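A short worksheet on the structure shown next.
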Amino acid sequence: MKFSGKNVLITGASKGIGAGIAKNLASRGLKVWINYRSKPEIADALLEEIKSNGGEGAVIKFDATDEEAFIEAIKLIVETDGELSYLVNNAGITNDKLALRMKLEDFTNVIDANLTSAFIGSREALKVMSKKRFGSVINIASIVGEMGNAGQVNYAASKGGMIAMSKSFAKEGASRGIRFNTITPGFIETDMTDVLNEEIKQNYIDAIPLKKLGSVDDIANAVAFLLSDNSGYITGETLKVNGGLYM
Ligand code: NAP
């Protein structure tokens, strides 16, 4: 995989899919900026692991829903490295309940964490990347944003919004040489899916044509491809990484 850029910011990267993306991209020679919101010890341990494997990185604390903090973080990265080459909007939450019981704040909190944070990051990345006329942004959405899911009206709306927003950013960024793409993971083994009981997990596995849950590296490898020059003619795309569950 060939990378013309040198660094990447990954939001919500201290654990789960974000941590997997950080390790994968560091192993490919990129300097990884590991964003975390809480638990600095986990982010620090990840950075140590990356460094002990010969990678380069830094941790950066901010809440991705905090516009000012996100702007400051990107400013610091550009001051330190001279550029921001790549951004992965990965931070996300769930707050599942049936729509009839969903309070407005249950809805808006998820929209803020998943969609608004990705908007802030994409807009700020577009600004700084435009100066170099180079960059690539990945939004980590979800299969739920494509097919819907009972109990996840808020999450589905946020992830469907990311898919549509990413295409619009792609149209605005293209003339400046900046690409925006979305990855829609299916069911990936992380803390987010650990809350599902074994029966529900087995039901999903039975429904997945490839008959297994995905790994964080399945997502990280797709991220590496879509950030790299190898996908230089791809923008506004939504790449499904779901074992065939939704085609
Ligand atoms: P996870 O293990 O729960 O990790 C989510 C990460 O996002 C955590 O590090 C969390 O930090 C961080 N985060 C949440 N809100 C944040 C904010 N406002 N600012 C900064 N960081 C924030 O989840 P995951 O499974 O790795 O999911 C990563 C992404 O993939 C999410 O966008 C998720 O929706 C998406 N996804 C996951 C699956 C799956 O099967 N796992 C499937 C489809 C899509 P804290 O620990 O501080 O809260």
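Each chain in the structure tokens gets a letter, A, B, ..., in the order shown, and its residues are numbered from 1; ligands are numbered from 1 in order too.
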*asked:* Give me, as a PyMOL selection string, the set of residues whose atoms come within 7 Å of any atom of ligand 1, counting only C-alpha atoms and all ligand atoms.
replied: chain A and resi 11-18+35-39+62-65+90-94+113-114+117+140-143+184-193
*For Asp96 of chain A, please output as a list in words all residues within 10 Å (counting only C-alpha atoms; exclusion window: fewer than 2 positions along the same chain).*
Ile93, Thr94, Leu98, Ala99, Arg101, Met102, Asp106, Phe107, Val110, Asn149, Ala150, Gly151, Gln152, Val153, Asn154 and Tyr155 of chain A
Could you please take those selected residues and save C-alpha atoms as a PDB file, in the first residue's frame?
```pdb
ATOM      1  CA  ILE A  93     -21.612   5.366  20.716  1.00  0.00           C
ATOM      2  CA  THR A  94     -24.854   3.436  20.902  1.00  0.00           C
ATOM      3  CA  LEU A  98     -37.225   1.004  21.157  1.00  0.00           C
ATOM      4  CA  ALA A  99     -38.376   4.221  19.488  1.00  0.00           C
ATOM      5  CA  ARG A 101     -39.338   4.673  24.720  1.00  0.00           C
ATOM      6  CA  MET A 102     -36.631   6.848  23.201  1.00  0.00           C
ATOM      7  CA  ASP A 106     -31.345   9.655  23.701  1.00  0.00           C
ATOM      8  CA  PHE A 107     -31.677  10.510  20.031  1.00  0.00           C
ATOM      9  CA  VAL A 110     -26.145   9.640  19.544  1.00  0.00           C
ATOM     10  CA  ASN A 149     -32.312  -1.986  13.044  1.00  0.00           C
ATOM     11  CA  ALA A 150     -35.055  -2.245  15.662  1.00  0.00           C
ATOM     12  CA  GLY A 151     -33.945  -0.505  18.852  1.00  0.00           C
ATOM     13  CA  GLN A 152     -31.454   1.682  17.004  1.00  0.00           C
ATOM     14  CA  VAL A 153     -33.476   4.499  15.408  1.00  0.00           C
ATOM     15  CA  ASN A 154     -30.939   7.009  16.779  1.00  0.00           C
ATOM     16  CA  TYR A 155     -27.861   5.022  15.733  1.00  0.00           C
TER      17      TYR A 155
END
```
*asked:* Can you pull out every residue from segment 21-231 of chain A that DSSP, working from the backbone, puts in strand (DSSP E or B), and format the result as a ChimeraX atom specification?
replied: /A:31-36,56-61,86-89,135-140,178-185,188,214
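Using only C-alpha atoms for every distance, the candidate list A:Leu227, A:Leu104, A:Met162, A:Ile234 yields A:Leu227 as the residue closest to Ser4 of chain A.
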_Per-residue DSSP, segment 15-227 of chain A, filtered to helix (DSSP H, G or I), as an NGL selection string_ = :A and (16-27 or 40-52 or 67-81 or 99-101 or 104-132 or 144-147 or 153-176 or 191-194 or 198-207 or 216-227)
*Measuring atom to atom with only C-alpha atoms, identify which of A:Trp33, A:Phe134, A:Phe3, A:Tyr233 is nearest to Ile178 of chain A.*
A:Phe134
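Of the listed residues A:Asp66, A:Pro209, A:Gly214, A:Phe119, the one whose atoms come nearest to Ser168 of chain A is A:Phe119, with distances taken using only C-alpha atoms.
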*Would you kindly return, as a ChimeraX atom specification, each protein, DNA or RNA residue with an atom no farther than 12 Å from any atom of Ser130 of chain A, considering only C-alpha atoms and excluding same-chain residues fewer than 6 positions away?*
/A:83-85,122-124,136,172-179
